[in-house]
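Here is the structure we will look at.
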Amino acid sequence: MKTIRGLSFFIALLLILSFCLPASLAVIAAEEVADNPGLISGNAAAAYALDENRFLYSYRLDERVAPATATKLVTCMVVSDLLSQKNLSADEVTVTVTDEAVSLAGNVLDARVPVMGFKGDESYTAKDLLSATLVAGANDAAAALAVHFGMAFLNGNVNTFVEEMNKKVEALGLKNTHFENATGHNHPNQYSTPREVALISAAFYGYNDLVTLSNVEYFTFNNKATVHSKNYLKTTKNVSGYKNSNAIGIIAGQLDINGNYCLIAATEKDGKAYIFVVMCASGMVINRDPETEKVDYYFEIGNNAYDDMNKLIKWTRNSFELVSVAAKDGIIDELHVDLGNTSDHVMIVPAETVESLILKSSKKNIKAVLTYDESIVYKKDFNGEKYDTVRAPIEKGQRVGVITYTCDDIVLAQVDAVVKDGVSLDTVKNFFAEVEGFLFGPVMKTVFIVILVIIGLYIVAAIVAFAMKVSKKSKKTKKNNKTAKNTKKVNKKDDKTDTKEMV
């Protein structure tokens, strides 16, 4: 009896769980999935799907801002390009730090200025300086690279190097970015936009060696010192609470203590790469105890760059999914075939399979619009109705138009519309069609018009000739009548004369 009661209790428990658990899981899922990341800070921000060249989220996207530490990404890309041109690796090149480079780093006594603390005539590998630039955000490392590569690789100076940086962003197609230095120091003529910073970061993401250097919690500088990352998505050194295991940290830093903190990171999911940018955020607060010289670093909790970044990363990972919007064999439409031998219609399908990132809540809003190529497809009447028609022969895979896929008015992809199966030409139908086309075609219409014109001209000429003949005959008759009348008058006159003579 106890066994039965226990079994009954167990079954009842399972039934309760079967009803309650799905509901509770649905609540959790609903909390994770959202239409937007819920940013309320007012910081300039962007979430960019690199593989799709599409911004999933943006705020203040095209506002002109100081590029700040994003400048260093271009500095490092130009250095990498110059090394590649010489077929050199970064650890093969030695850079000697100059006094000029130290002076370009800024006020090294200011805790707001990230530096390694180099002195003139110290030598390091280019790889160490690249790591210091990307991981520590070190201005003196970036300046040292710019001075050395401007002189040794460009036969110029640091200004020559900065010119190369501007050429780099121009080659990327960017119109609203300009540099005056290689460190990110504030300058009235040094500017970019969150959109273009995202595109610069996307280009940087293609430099695998540089991304690898940036994506560390710390590195060993010059085989001696341990240098921790200034990107607190990667480390809890100095500042904790923001580390994110999904972040592929590219760079972080601030322009000054009053703001313009810039944080750039990347993630990957399902083979897709994402770039995240948060700019113009509140900066790091640095407190130094005058007695102990202890320094505390922290961010105002709530709406700083790291809060926004973690929201963006979580949102893209939870609220988007990779959806197949175009299936290669999926039938989109049917085309009538004129003069086909084996079939009077063909199926139209996308030329390729396309996957796209879609908000989970918007999957039902995916639409496909087919636009036919009017040089191939035309309207023809079949049984009193006009249909889109293509003329045989038509080959399998032949392009007949384009399919545009959208979701909530956002263009996801454009794919060629192609014929699924080919149709050969019916030669008999084609013969009669050609005869019909000839008889009722433009040539015969022209011939018919010419004949009509000739007949018309002939008729006009005949009428004119007839009219002229009638007119001539009428004139002759009138003349004859007049002559006869005159003759009659003369005869009467003669008769009168004869009568007088007889009297």
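Just so we're on the same page: first chain in the structure tokens is A, next is B, and so on; residues restart at 1 for each chain, and ligands are numbered from 1 in the order they show up.
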
Residues of region 147-276 of chain A in alpha helix (DSSP H), written as a ChimeraX atom specification:
/A:147-152,158-171,194-204,208-214

Saved selection, atoms kept: N, CA, C and O atoms, as a compact mmCIF listing (two decimals), in the first residue's frame:
# COMPACT_ATOMS: atom_id res chain seq x y z
N VAL A 147 57.29 56.69 -34.92
CA VAL A 147 58.55 57.38 -35.23
C VAL A 147 59.50 56.45 -35.98
O VAL A 147 60.06 56.81 -37.02
N HIS A 148 59.67 55.23 -35.47
CA HIS A 148 60.63 54.30 -36.09
C HIS A 148 60.19 53.89 -37.50
O HIS A 148 60.99 53.96 -38.45
N PHE A 149 58.94 53.49 -37.66
CA PHE A 149 58.49 53.02 -38.97
C PHE A 149 58.35 54.17 -39.96
O PHE A 149 58.51 53.97 -41.17
N GLY A 150 58.08 55.38 -39.47
CA GLY A 150 58.05 56.53 -40.36
C GLY A 150 59.41 56.81 -40.95
O GLY A 150 59.53 57.17 -42.13
N MET A 151 60.46 56.62 -40.13
CA MET A 151 61.83 56.88 -40.60
C MET A 151 62.40 55.69 -41.37
O MET A 151 62.88 55.83 -42.49
N ALA A 152 62.35 54.50 -40.77
CA ALA A 152 63.06 53.34 -41.32
C ALA A 152 62.33 52.67 -42.47
O ALA A 152 62.96 52.08 -43.36
N VAL A 158 57.55 60.90 -38.26
CA VAL A 158 56.29 60.50 -37.65
C VAL A 158 55.10 61.04 -38.43
O VAL A 158 54.04 60.40 -38.51
N ASN A 159 55.27 62.21 -39.03
CA ASN A 159 54.17 62.78 -39.85
C ASN A 159 53.92 61.94 -41.09
O ASN A 159 52.77 61.79 -41.54
N THR A 160 55.00 61.38 -41.65
CA THR A 160 54.86 60.49 -42.81
C THR A 160 54.06 59.25 -42.41
O THR A 160 53.23 58.75 -43.18
N PHE A 161 54.32 58.77 -41.20
CA PHE A 161 53.59 57.60 -40.70
C PHE A 161 52.10 57.92 -40.54
O PHE A 161 51.24 57.12 -40.92
N VAL A 162 51.80 59.10 -39.99
CA VAL A 162 50.40 59.49 -39.81
C VAL A 162 49.71 59.64 -41.17
O VAL A 162 48.53 59.29 -41.32
N GLU A 163 50.44 60.14 -42.18
CA GLU A 163 49.88 60.20 -43.54
C GLU A 163 49.50 58.80 -44.01
O GLU A 163 48.47 58.62 -44.67
N GLU A 164 50.35 57.83 -43.69
CA GLU A 164 50.06 56.44 -44.07
C GLU A 164 48.81 55.93 -43.35
O GLU A 164 48.03 55.14 -43.92
N MET A 165 48.61 56.37 -42.12
CA MET A 165 47.40 56.00 -41.39
C MET A 165 46.15 56.54 -42.11
O MET A 165 45.13 55.84 -42.23
N ASN A 166 46.24 57.78 -42.57
CA ASN A 166 45.09 58.36 -43.28
C ASN A 166 44.86 57.67 -44.62
O ASN A 166 43.71 57.50 -45.05
N LYS A 167 45.93 57.24 -45.28
CA LYS A 167 45.77 56.48 -46.51
C LYS A 167 45.10 55.13 -46.23
O LYS A 167 44.31 54.64 -47.04
N LYS A 168 45.41 54.57 -45.08
CA LYS A 168 44.83 53.28 -44.71
C LYS A 168 43.32 53.39 -44.57
O LYS A 168 42.57 52.54 -45.12
N VAL A 169 42.82 54.40 -43.86
CA VAL A 169 41.37 54.51 -43.68
C VAL A 169 40.69 54.91 -44.99
O VAL A 169 39.54 54.53 -45.24
N GLU A 170 41.40 55.67 -45.82
CA GLU A 170 40.84 56.00 -47.14
C GLU A 170 40.69 54.73 -47.98
O GLU A 170 39.69 54.55 -48.68
N ALA A 171 41.68 53.83 -47.90
CA ALA A 171 41.62 52.56 -48.64
C ALA A 171 40.47 51.69 -48.13
O ALA A 171 39.95 50.86 -48.88
N PRO A 194 31.36 56.57 -34.61
CA PRO A 194 31.22 55.19 -34.13
C PRO A 194 31.07 54.19 -35.28
O PRO A 194 31.58 53.07 -35.20
N ARG A 195 30.38 54.61 -36.36
CA ARG A 195 30.25 53.71 -37.51
C ARG A 195 31.62 53.35 -38.08
O ARG A 195 31.95 52.18 -38.31
N GLU A 196 32.44 54.37 -38.29
CA GLU A 196 33.73 54.12 -38.93
C GLU A 196 34.73 53.48 -37.98
O GLU A 196 35.60 52.72 -38.41
N VAL A 197 34.61 53.75 -36.68
CA VAL A 197 35.43 53.03 -35.70
C VAL A 197 35.09 51.54 -35.74
O VAL A 197 35.98 50.68 -35.66
N ALA A 198 33.80 51.21 -35.89
CA ALA A 198 33.39 49.80 -36.01
C ALA A 198 33.99 49.17 -37.26
O ALA A 198 34.45 48.02 -37.24
N LEU A 199 34.00 49.93 -38.37
CA LEU A 199 34.56 49.39 -39.61
C LEU A 199 36.08 49.28 -39.54
O LEU A 199 36.67 48.35 -40.11
N ILE A 200 36.73 50.22 -38.85
CA ILE A 200 38.17 50.10 -38.60
C ILE A 200 38.45 48.84 -37.78
O ILE A 200 39.37 48.06 -38.07
N SER A 201 37.64 48.62 -36.75
CA SER A 201 37.81 47.45 -35.89
C SER A 201 37.56 46.15 -36.65
O SER A 201 38.23 45.13 -36.41
N ALA A 202 36.60 46.19 -37.60
CA ALA A 202 36.33 45.02 -38.44
C ALA A 202 37.54 44.71 -39.30
O ALA A 202 37.90 43.53 -39.50
N ALA A 203 38.17 45.75 -39.84
CA ALA A 203 39.38 45.55 -40.64
C ALA A 203 40.51 44.99 -39.76
O ALA A 203 41.23 44.08 -40.16
N PHE A 204 40.63 45.55 -38.56
CA PHE A 204 41.64 45.07 -37.61
C PHE A 204 41.43 43.59 -37.29
O PHE A 204 42.40 42.84 -37.12
N ASN A 208 45.01 38.58 -37.90
CA ASN A 208 44.96 37.54 -36.86
C ASN A 208 46.05 37.69 -35.81
O ASN A 208 45.81 37.48 -34.62
N ASP A 209 47.26 38.04 -36.24
CA ASP A 209 48.38 38.18 -35.29
C ASP A 209 48.10 39.30 -34.29
O ASP A 209 48.40 39.17 -33.10
N LEU A 210 47.56 40.41 -34.79
CA LEU A 210 47.27 41.54 -33.90
C LEU A 210 46.12 41.21 -32.94
O LEU A 210 46.17 41.58 -31.77
N VAL A 211 45.09 40.54 -33.45
CA VAL A 211 43.97 40.15 -32.59
C VAL A 211 44.46 39.22 -31.49
O VAL A 211 44.07 39.35 -30.32
N THR A 212 45.34 38.29 -31.84
CA THR A 212 45.89 37.36 -30.85
C THR A 212 46.66 38.12 -29.78
O THR A 212 46.56 37.81 -28.58
N LEU A 213 47.44 39.13 -30.19
CA LEU A 213 48.19 39.93 -29.22
C LEU A 213 47.26 40.67 -28.27
O LEU A 213 47.54 40.79 -27.08
N SER A 214 46.14 41.15 -28.79
CA SER A 214 45.21 41.95 -27.98
C SER A 214 44.36 41.10 -27.04
O SER A 214 43.86 41.61 -26.03

Polymer residues at most 12 Å from Asn53 (chain A), only C-alpha atoms, same-chain spacing of 4 or more positions, as a PDB file with all heavy atoms, in the first residue's frame:
ATOM      1  N   ALA A  47      26.674  47.634 -32.397  1.00  0.00           N
ATOM      2  CA  ALA A  47      26.907  46.191 -32.496  1.00  0.00           C
ATOM      3  C   ALA A  47      26.868  45.863 -33.983  1.00  0.00           C
ATOM      4  O   ALA A  47      25.837  46.043 -34.639  1.00  0.00           O
ATOM      5  CB  ALA A  47      25.840  45.411 -31.739  1.00  0.00           C
ATOM      6  N   TYR A  48      27.986  45.388 -34.507  1.00  0.00           N
ATOM      7  CA  TYR A  48      28.155  45.198 -35.946  1.00  0.00           C
ATOM      8  C   TYR A  48      28.405  43.733 -36.258  1.00  0.00           C
ATOM      9  O   TYR A  48      29.330  43.117 -35.705  1.00  0.00           O
ATOM     10  CB  TYR A  48      29.327  46.065 -36.413  1.00  0.00           C
ATOM     11  CG  TYR A  48      29.718  45.911 -37.853  1.00  0.00           C
ATOM     12  CD1 TYR A  48      28.912  46.399 -38.874  1.00  0.00           C
ATOM     13  CD2 TYR A  48      30.930  45.310 -38.200  1.00  0.00           C
ATOM     14  CE1 TYR A  48      29.299  46.283 -40.208  1.00  0.00           C
ATOM     15  CE2 TYR A  48      31.321  45.195 -39.526  1.00  0.00           C
ATOM     16  CZ  TYR A  48      30.497  45.679 -40.520  1.00  0.00           C
ATOM     17  OH  TYR A  48      30.872  45.564 -41.834  1.00  0.00           O
ATOM     18  N   ALA A  49      27.558  43.149 -37.118  1.00  0.00           N
ATOM     19  CA  ALA A  49      27.753  41.772 -37.575  1.00  0.00           C
ATOM     20  C   ALA A  49      28.723  41.813 -38.746  1.00  0.00           C
ATOM     21  O   ALA A  49      28.360  42.211 -39.858  1.00  0.00           O
ATOM     22  CB  ALA A  49      26.423  41.157 -37.995  1.00  0.00           C
ATOM     23  N   ARG A 195      30.379  54.606 -36.360  1.00  0.00           N
ATOM     24  CA  ARG A 195      30.249  53.708 -37.511  1.00  0.00           C
ATOM     25  C   ARG A 195      31.622  53.355 -38.076  1.00  0.00           C
ATOM     26  O   ARG A 195      31.951  52.179 -38.306  1.00  0.00           O
ATOM     27  CB  ARG A 195      29.408  54.369 -38.610  1.00  0.00           C
ATOM     28  CG  ARG A 195      29.271  53.495 -39.858  1.00  0.00           C
ATOM     29  CD  ARG A 195      28.710  54.273 -41.041  1.00  0.00           C
ATOM     30  NE  ARG A 195      27.379  54.790 -40.791  1.00  0.00           N
ATOM     31  CZ  ARG A 195      26.254  54.107 -40.969  1.00  0.00           C
ATOM     32  NH1 ARG A 195      26.308  52.859 -41.412  1.00  0.00           N
ATOM     33  NH2 ARG A 195      25.080  54.653 -40.717  1.00  0.00           N
ATOM     34  N   ALA A 198      33.797  51.212 -35.889  1.00  0.00           N
ATOM     35  CA  ALA A 198      33.391  49.799 -36.009  1.00  0.00           C
ATOM     36  C   ALA A 198      33.992  49.174 -37.264  1.00  0.00           C
ATOM     37  O   ALA A 198      34.452  48.017 -37.237  1.00  0.00           O
ATOM     38  CB  ALA A 198      31.875  49.687 -36.026  1.00  0.00           C
ATOM     39  N   LEU A 199      34.002  49.928 -38.366  1.00  0.00           N
ATOM     40  CA  LEU A 199      34.560  49.394 -39.614  1.00  0.00           C
ATOM     41  C   LEU A 199      36.081  49.278 -39.537  1.00  0.00           C
ATOM     42  O   LEU A 199      36.669  48.351 -40.114  1.00  0.00           O
ATOM     43  CB  LEU A 199      34.141  50.283 -40.784  1.00  0.00           C
ATOM     44  CG  LEU A 199      32.622  50.344 -41.041  1.00  0.00           C
ATOM     45  CD1 LEU A 199      32.303  51.311 -42.172  1.00  0.00           C
ATOM     46  CD2 LEU A 199      32.078  48.959 -41.357  1.00  0.00           C
ATOM     47  N   ALA A 202      36.595  46.190 -37.598  1.00  0.00           N
ATOM     48  CA  ALA A 202      36.328  45.023 -38.435  1.00  0.00           C
ATOM     49  C   ALA A 202      37.536  44.705 -39.304  1.00  0.00           C
ATOM     50  O   ALA A 202      37.896  43.533 -39.500  1.00  0.00           O
ATOM     51  CB  ALA A 202      35.096  45.266 -39.294  1.00  0.00           C
ATOM     52  N   ALA A 203      38.166  45.753 -39.843  1.00  0.00           N
ATOM     53  CA  ALA A 203      39.380  45.547 -40.642  1.00  0.00           C
ATOM     54  C   ALA A 203      40.506  44.994 -39.758  1.00  0.00           C
ATOM     55  O   ALA A 203      41.235  44.078 -40.161  1.00  0.00           O
ATOM     56  CB  ALA A 203      39.806  46.862 -41.290  1.00  0.00           C
ATOM     57  N   LYS A 272      29.998  33.187 -36.756  1.00  0.00           N
ATOM     58  CA  LYS A 272      29.801  34.586 -37.110  1.00  0.00           C
ATOM     59  C   LYS A 272      30.572  35.471 -36.143  1.00  0.00           C
ATOM     60  O   LYS A 272      30.590  35.230 -34.933  1.00  0.00           O
ATOM     61  CB  LYS A 272      28.317  34.957 -37.057  1.00  0.00           C
ATOM     62  CG  LYS A 272      27.449  34.199 -38.052  1.00  0.00           C
ATOM     63  CD  LYS A 272      27.645  34.710 -39.458  1.00  0.00           C
ATOM     64  CE  LYS A 272      26.672  34.054 -40.420  1.00  0.00           C
ATOM     65  NZ  LYS A 272      26.818  34.559 -41.807  1.00  0.00           N
ATOM     66  N   ALA A 273      31.190  36.528 -36.684  1.00  0.00           N
ATOM     67  CA  ALA A 273      31.953  37.461 -35.860  1.00  0.00           C
ATOM     68  C   ALA A 273      31.165  38.746 -35.645  1.00  0.00           C
ATOM     69  O   ALA A 273      30.459  39.218 -36.551  1.00  0.00           O
ATOM     70  CB  ALA A 273      33.290  37.782 -36.528  1.00  0.00           C
ATOM     71  N   TYR A 274      31.277  39.292 -34.444  1.00  0.00           N
ATOM     72  CA  TYR A 274      30.610  40.535 -34.083  1.00  0.00           C
ATOM     73  C   TYR A 274      31.646  41.532 -33.573  1.00  0.00           C
ATOM     74  O   TYR A 274      32.587  41.155 -32.861  1.00  0.00           O
ATOM     75  CB  TYR A 274      29.583  40.321 -32.970  1.00  0.00           C
ATOM     76  CG  TYR A 274      28.529  39.279 -33.254  1.00  0.00           C
ATOM     77  CD1 TYR A 274      28.806  37.919 -33.136  1.00  0.00           C
ATOM     78  CD2 TYR A 274      27.244  39.651 -33.619  1.00  0.00           C
ATOM     79  CE1 TYR A 274      27.834  36.960 -33.375  1.00  0.00           C
ATOM     80  CE2 TYR A 274      26.256  38.699 -33.863  1.00  0.00           C
ATOM     81  CZ  TYR A 274      26.564  37.354 -33.741  1.00  0.00           C
ATOM     82  OH  TYR A 274      25.603  36.408 -33.977  1.00  0.00           O
ATOM     83  N   ILE A 275      31.451  42.791 -33.913  1.00  0.00           N
ATOM     84  CA  ILE A 275      32.284  43.866 -33.397  1.00  0.00           C
ATOM     85  C   ILE A 275      31.408  44.777 -32.547  1.00  0.00           C
ATOM     86  O   ILE A 275      30.310  45.161 -32.966  1.00  0.00           O
ATOM     87  CB  ILE A 275      32.926  44.686 -34.537  1.00  0.00           C
ATOM     88  CG1 ILE A 275      33.816  43.793 -35.427  1.00  0.00           C
ATOM     89  CG2 ILE A 275      33.722  45.863 -33.986  1.00  0.00           C
ATOM     90  CD1 ILE A 275      35.041  43.241 -34.742  1.00  0.00           C
ATOM     91  N   SER A 356      21.191  34.187 -42.279  1.00  0.00           N
ATOM     92  CA  SER A 356      21.290  35.547 -41.772  1.00  0.00           C
ATOM     93  C   SER A 356      20.902  35.591 -40.309  1.00  0.00           C
ATOM     94  O   SER A 356      20.106  34.777 -39.834  1.00  0.00           O
ATOM     95  CB  SER A 356      20.392  36.482 -42.580  1.00  0.00           C
ATOM     96  OG  SER A 356      20.587  37.824 -42.183  1.00  0.00           O
ATOM     97  N   LEU A 357      21.487  36.559 -39.592  1.00  0.00           N
ATOM     98  CA  LEU A 357      21.146  36.754 -38.195  1.00  0.00           C
ATOM     99  C   LEU A 357      19.820  37.489 -38.082  1.00  0.00           C
ATOM    100  O   LEU A 357      19.651  38.566 -38.646  1.00  0.00           O
ATOM    101  CB  LEU A 357      22.244  37.564 -37.500  1.00  0.00           C
ATOM    102  CG  LEU A 357      23.577  36.844 -37.315  1.00  0.00           C
ATOM    103  CD1 LEU A 357      24.651  37.833 -36.920  1.00  0.00           C
ATOM    104  CD2 LEU A 357      23.457  35.746 -36.273  1.00  0.00           C
ATOM    105  N   VAL A 411      17.189  44.965 -45.334  1.00  0.00           N
ATOM    106  CA  VAL A 411      17.598  44.032 -46.388  1.00  0.00           C
ATOM    107  C   VAL A 411      18.622  43.058 -45.813  1.00  0.00           C
ATOM    108  O   VAL A 411      19.690  43.448 -45.350  1.00  0.00           O
ATOM    109  CB  VAL A 411      18.197  44.783 -47.596  1.00  0.00           C
ATOM    110  CG1 VAL A 411      18.724  43.797 -48.623  1.00  0.00           C
ATOM    111  CG2 VAL A 411      17.156  45.697 -48.221  1.00  0.00           C
ATOM    112  N   LEU A 412      18.271  41.790 -45.838  1.00  0.00           N
ATOM    113  CA  LEU A 412      19.145  40.748 -45.312  1.00  0.00           C
ATOM    114  C   LEU A 412      20.087  40.209 -46.382  1.00  0.00           C
ATOM    115  O   LEU A 412      21.261  39.956 -46.122  1.00  0.00           O
ATOM    116  CB  LEU A 412      18.318  39.593 -44.750  1.00  0.00           C
ATOM    117  CG  LEU A 412      17.317  39.940 -43.639  1.00  0.00           C
ATOM    118  CD1 LEU A 412      16.489  38.719 -43.285  1.00  0.00           C
ATOM    119  CD2 LEU A 412      18.039  40.471 -42.410  1.00  0.00           C
ATOM    120  N   ALA A 413      19.546  40.008 -47.583  1.00  0.00           N
ATOM    121  CA  ALA A 413      20.353  39.430 -48.661  1.00  0.00           C
ATOM    122  C   ALA A 413      19.665  39.627 -50.004  1.00  0.00           C
ATOM    123  O   ALA A 413      18.441  39.791 -50.061  1.00  0.00           O
ATOM    124  CB  ALA A 413      20.578  37.940 -48.414  1.00  0.00           C
TER     125      ALA A 413
END

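Interatomic distance, CA of His345 (chain A) against CA of Pro442 (chain A): 27.8 Å.
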
Residue contacts of Ala34 (chain A) (8 Å, only C-alpha atoms) excluding same-chain residues fewer than 6 positions away, as a list of chain:residue names
A:Trp315, A:Ser319, A:Ser361

How about saving the chosen residues, N, CA, C and O atoms kept, as a tab-separated table (two decimals), in the first residue's frame?
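Below you can see out_19.tsv, which holds the result:
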chain	number	residue	atom	x	y	z
A	315	TRP	N	23.01	40.50	-25.34
A	315	TRP	CA	21.84	40.65	-26.22
A	315	TRP	C	22.04	39.94	-27.54
A	315	TRP	O	21.17	39.20	-28.00
A	319	SER	N	19.51	36.94	-28.20
A	319	SER	CA	18.31	37.39	-28.92
A	319	SER	C	18.36	37.16	-30.42
A	319	SER	O	17.35	37.32	-31.10
A	361	SER	N	12.44	37.28	-32.23
A	361	SER	CA	11.06	37.76	-32.22
A	361	SER	C	10.60	38.25	-33.59
A	361	SER	O	9.42	38.57	-33.77

Determine which residues of region 315-371 of chain A receive a DSSP assignment of strand (DSSP E or B), computed from the backbone, and state them as an NGL selection string.
:A and (320-326 or 333-338 or 340 or 345-350 or 354-359 or 366-371)

One decimal, in Å: what's the spacing between CA of Asp128 (chain A) and CA of Ala281 (chain A)?
28.9 Å

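As for CA of Ala266 (chain A) and CA of Val325 (chain A), they are spaced 24.9 Å apart.
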
Measuring atom to atom with only C-alpha atoms, identify which of A:Thr292, A:Asn155, A:Asn365, A:Thr446 is nearest to Cys407 (chain A).
A:Asn365

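Within the 6 Å cut-off around Thr125 (chain A), using only C-alpha atoms and omitting residues fewer than 5 positions from it on the same chain, the listed residues are A:Asp91, A:Val93, A:Thr94, A:Val95.
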
Would you kindly return, as a PyMOL selection string, each protein, DNA or RNA residue with an atom no farther than 12 Å from any atom of Val113 (chain A), considering only C-alpha atoms and excluding same-chain residues fewer than 4 positions away?
chain A and resi 68-69+104-109+117+136-140+183-186+230+253-257+284+286

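Residue nearest Gly283 (chain A), chosen from A:Lys472, A:Glu300, A:Tyr261, A:Asp373 and counting only C-alpha atoms: A:Tyr261.
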
Let me make sure I understand: among A:Asn157, A:Ser123, A:Ser474, A:Asn36, which one has the smallest atom-to-atom distance to Ser362 (chain A) if we use only C-alpha atoms?
A:Asn36

Rank A:Asn260, A:Gln85, A:Asn189, A:Thr75 by their smallest atom-to-atom distance to Asn43 (chain A), using only C-alpha atoms, and report the top residue only.
A:Asn260

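Using only C-alpha atoms, the nearest neighbour of Thr353 (chain A) within the list A:Ile394, A:Val285, A:Ile403, A:Ala305 is A:Ile403.
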
Residues near Gly241 (chain A), anyone? I mean within 9 Å using only C-alpha atoms, not counting same-chain ones fewer than 4 positions away, as a PyMOL selection string.
chain A and resi 232-233+236

Since we have the selection now, will you write its residues out, keeping N, CA and C atoms, as a PDB file, in the first residue's frame?
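The result, written out as part.pdb:
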ATOM      1  N   TYR A 232      39.131  45.616 -19.233  1.00  0.00           N
ATOM      2  CA  TYR A 232      38.631  44.890 -18.071  1.00  0.00           C
ATOM      3  C   TYR A 232      37.548  43.873 -18.428  1.00  0.00           C
ATOM      4  N   LEU A 233      37.342  43.652 -19.719  1.00  0.00           N
ATOM      5  CA  LEU A 233      36.593  42.486 -20.172  1.00  0.00           C
ATOM      6  C   LEU A 233      37.488  41.244 -20.114  1.00  0.00           C
ATOM      7  N   THR A 236      40.681  41.026 -14.241  1.00  0.00           N
ATOM      8  CA  THR A 236      40.126  41.639 -13.030  1.00  0.00           C
ATOM      9  C   THR A 236      41.211  42.419 -12.278  1.00  0.00           C
TER      10      THR A 236
END
